Amino acid sequence: MRYRELGRAKVSVLCLGTWEFAQTKAWGLGELEEYKKIVDYALDAGINFVDTAEGYGRSEEILGELLKGRRDEVVLATKMSRVRRGFGYHNMRRGIEGSLDSLRTDFVDLYQIHWPKIKGHWSGGESDMESNDYENIHTSMERLKHEGLIGAAGVSNFRLHHLERFRDEAFETIVTDQVPFNLLWRGYDEPDVVDFCRRKGLRYLTYSSLAQGLLTGKHRKESALAEIQRANVLFNEPVYSRAMRVLETVREVAKEVDATPAQVALRWVIERELTVSALVGIRNVKELEENIEAVNLNVKREQMDRLDSASREFWKPMPPKLELWLHDNTRANLQRLGIETDKGY
């Protein structure tokens, strides 16, 4: 396993994502015994970074149970998901206390804001982010850190126009932005975004690192999908067919380096400049084994460049402010993509 610095911690370049532990219709029901095997295998293999959220159904509660006796081995991250209630200290204090209770711990290493408020979006309701929201996030996180309840702060799904509203001092506390980032999702990889994050020392904790399984090469048009995959822009036509062209390049490179498409796609994410750790959502130990082997996979620069070229060609026609899930997008953006759906706002 390889490690990178995140604040005062050193984290593995793979982070175990636990949305799949939620026991909700998004990913369906799973076996707790299998989850236990996954967590133990990950820790034994050197993965020391684990992420959850208060909005992930029973994930925090289940993870707290599974980490019994091993909490000290983990850099633990969670997220405040109920952002409509605001970012004042008392609201955020209630949020972190609820998460700590569920996780059976007295602090988390990384506490993140799950979504910015966006008008019309489920996260924001009646308003977008306002100036006092940014200040409240900063000061509330600083206070929680001073009280020893969190080690560092992060945000999630915050675009450049959100990040630019924070005062410079905020980035002494806020160290990550958890974002969708993979060969099929490049919205957070534009030069102006990368330059801003580089200057502020902000790093990405990437989610949907394998495009919710699309980049594994195991899905076919007729494959049965989980509810959350059906709601993903990438699994909807005509975007899906264009994504398959990128997957062709991934398969070519995988054959050349004697690896699986998932390993090649994951290696690409790990090597991006702003990636501190790539989240992997796991349903069984076999998937985890495959992902771990990607960490030290030997992919040549020319092969990486081919992957990047195919990826950028795919991303060119994507409209601005596009989000990963249908319901998080404006209907206008979905129409621009040619997706026929009643989702969106």
# chains A, B, ... in the order shown; residues from 1 in each chain; ligands from 1
>>> residues_around(residues="A:Phe166", least_positions_apart="4", cutoff="9 Å", atoms="only C-alpha atoms", output="tab-separated table (two decimals) with N, CA and C atoms, in the first residue's frame")
chain	number	residue	atom	x	y	z
A	131	SER	N	-23.10	34.21	1.82
A	131	SER	CA	-21.79	34.57	2.40
A	131	SER	C	-21.62	34.04	3.81
A	134	TYR	N	-20.45	30.26	4.23
A	134	TYR	CA	-19.02	29.97	4.11
A	134	TYR	C	-18.29	30.31	5.41
A	135	GLU	N	-18.65	31.45	5.97
A	135	GLU	CA	-18.01	31.86	7.23
A	135	GLU	C	-18.39	30.90	8.36
A	138	HIS	N	-16.44	27.62	8.10
A	138	HIS	CA	-15.07	27.83	8.54
A	138	HIS	C	-14.97	27.90	10.06
A	162	HIS	N	-17.93	27.84	-5.47
A	162	HIS	CA	-18.15	27.72	-4.02
A	162	HIS	C	-16.83	27.93	-3.28
A	170	ALA	N	-9.51	29.78	5.69
A	170	ALA	CA	-10.35	28.59	5.83
A	170	ALA	C	-9.60	27.34	5.39
A	171	PHE	N	-8.68	27.49	4.45
A	171	PHE	CA	-7.99	26.32	3.91
A	171	PHE	C	-6.85	25.83	4.80
>>> select_by_dssp(residues="stretch 226-303 of chain A", states="alpha helix (DSSP H)", output="ChimeraX atom specification")
/A:227-230,239-256,261-270,285-293,301-303
>>> residues_around(residues="A:Ile113", least_positions_apart="3", cutoff="6 Å", atoms="only C-alpha atoms", output="NGL selection string")
:A and (79-80 or 155-156)
>>> write_last_selection(atoms="N, CA and C atoms", output="tab-separated table (two decimals), in the first residue's frame")
chain	number	residue	atom	x	y	z
A	79	LYS	N	-19.50	12.63	7.04
A	79	LYS	CA	-20.02	13.85	6.43
A	79	LYS	C	-21.32	14.29	7.09
A	80	MET	N	-21.49	15.61	7.22
A	80	MET	CA	-22.75	16.20	7.63
A	80	MET	C	-23.62	16.31	6.38
A	155	VAL	N	-14.92	19.47	2.51
A	155	VAL	CA	-16.20	19.69	1.87
A	155	VAL	C	-16.40	18.59	0.84
A	156	SER	N	-17.56	18.57	0.23
A	156	SER	CA	-17.85	17.54	-0.77
A	156	SER	C	-18.79	18.13	-1.81
>>> atom_distance(atom1="atom CA of A:Leu63", atom2="atom CA of A:Leu183")
29.3 Å
>>> closest_residue(among="A:Ala231, A:Met92, A:Val280, A:Val193", to="A:Val50", atoms="only C-alpha atoms")
A:Val280
>>> select_by_dssp(residues="stretch 95-317 of chain A", states="strand (DSSP E or B)", output="number ranges by chain")
A: 108-113, 119, 125, 150-156, 174-180, 182, 185, 203-207, 232, 275-281
>>> residues_around(residues="A:Asn232", least_positions_apart="6", cutoff="8 Å", atoms="only C-alpha atoms", output="NGL selection string")
:A and (324-326)
>>> residues_around(residues="A:Glu61", least_positions_apart="6", cutoff="9 Å", atoms="only C-alpha atoms", output="tab-separated table (two decimals) with C-alpha atoms, in the first residue's frame")
chain	number	residue	atom	x	y	z
A	22	ALA	CA	-26.31	1.65	4.21
A	99	SER	CA	-22.23	10.78	13.99
A	101	ASP	CA	-22.61	8.27	18.73
A	102	SER	CA	-23.37	6.10	15.68
A	103	LEU	CA	-19.70	5.44	15.00
A	104	ARG	CA	-18.97	4.64	18.67
>>> closest_residue(among="A:Asn236, A:Thr216, A:Gln229, A:Ser209", to="A:Thr260", atoms="only C-alpha atoms")
A:Thr216
>>> closest_residue(among="A:Glu164, A:Thr78, A:Glu169, A:Gly338", to="A:Gly55", atoms="only C-alpha atoms")
A:Thr78
>>> closest_residue(among="A:Asn284, A:Gln263, A:Gln303, A:Gln112", to="A:Gly95", atoms="only C-alpha atoms")
A:Gln112
>>> residues_around(residues="A:Asp342", least_positions_apart="5", cutoff="10 Å", atoms="only C-alpha atoms", output="list in words")
Leu326, His327, Arg331 and Leu334 of chain A
>>> write_last_selection(atoms="C-alpha atoms", output="short mmCIF file (atom, residue, chain, number, x, y, z; two decimals), in the first residue's frame")
data_model
loop_
_atom_site.label_atom_id
_atom_site.label_comp_id
_atom_site.auth_asym_id
_atom_site.auth_seq_id
_atom_site.Cartn_x
_atom_site.Cartn_y
_atom_site.Cartn_z
CA LEU A 326 -30.12 12.77 -12.70
CA HIS A 327 -32.02 14.21 -9.74
CA ARG A 331 -33.78 19.54 -16.46
CA LEU A 334 -30.36 16.77 -18.96
#
>>> residues_around(residues="A:Asp51", least_positions_apart="2", cutoff="8 Å", atoms="only C-alpha atoms", output="PDB file with N, CA and C atoms, in the first residue's frame")
ATOM      1  N   CYS A  15      -9.266   4.568  -0.303  1.00  0.00           N
ATOM      2  CA  CYS A  15     -10.128   4.822   0.849  1.00  0.00           C
ATOM      3  C   CYS A  15     -11.355   3.919   0.727  1.00  0.00           C
ATOM      4  N   LEU A  16     -11.671   3.196   1.781  1.00  0.00           N
ATOM      5  CA  LEU A  16     -12.825   2.309   1.762  1.00  0.00           C
ATOM      6  C   LEU A  16     -14.104   3.121   1.921  1.00  0.00           C
ATOM      7  N   GLY A  17     -14.920   3.154   0.870  1.00  0.00           N
ATOM      8  CA  GLY A  17     -16.216   3.833   0.929  1.00  0.00           C
ATOM      9  C   GLY A  17     -17.281   2.883   1.448  1.00  0.00           C
ATOM     10  N   THR A  18     -18.176   3.392   2.280  1.00  0.00           N
ATOM     11  CA  THR A  18     -19.133   2.492   2.939  1.00  0.00           C
ATOM     12  C   THR A  18     -20.594   2.872   2.698  1.00  0.00           C
ATOM     13  N   PHE A  49      -7.871   4.266   5.609  1.00  0.00           N
ATOM     14  CA  PHE A  49      -8.762   5.415   5.411  1.00  0.00           C
ATOM     15  C   PHE A  49     -10.152   4.882   5.092  1.00  0.00           C
ATOM     16  N   ALA A  53     -21.046   8.648   5.951  1.00  0.00           N
ATOM     17  CA  ALA A  53     -21.817   9.894   6.045  1.00  0.00           C
ATOM     18  C   ALA A  53     -23.071   9.652   6.853  1.00  0.00           C
ATOM     19  N   LEU A  76     -10.610   8.038  10.087  1.00  0.00           N
ATOM     20  CA  LEU A  76     -12.056   7.914   9.899  1.00  0.00           C
ATOM     21  C   LEU A  76     -12.662   9.234   9.424  1.00  0.00           C
ATOM     22  N   ALA A  77     -13.417   9.150   8.342  1.00  0.00           N
ATOM     23  CA  ALA A  77     -14.059  10.338   7.766  1.00  0.00           C
ATOM     24  C   ALA A  77     -15.562  10.128   7.700  1.00  0.00           C
ATOM     25  N   THR A  78     -16.307  11.190   8.014  1.00  0.00           N
ATOM     26  CA  THR A  78     -17.754  11.153   7.810  1.00  0.00           C
ATOM     27  C   THR A  78     -18.203  12.519   7.317  1.00  0.00           C
ATOM     28  N   LEU A 279     -11.678   6.788  -3.383  1.00  0.00           N
ATOM     29  CA  LEU A 279     -12.696   5.978  -2.715  1.00  0.00           C
ATOM     30  C   LEU A 279     -13.079   4.781  -3.567  1.00  0.00           C
TER      31      LEU A 279
END
>>> closest_residue(among="A:Ile339, A:Val246, A:Leu144, A:Leu14", to="A:Pro261", atoms="only C-alpha atoms")
A:Val246
>>> atom_distance(atom1="atom CA of A:Asn291", atom2="atom CA of A:Leu266")
7.4 Å
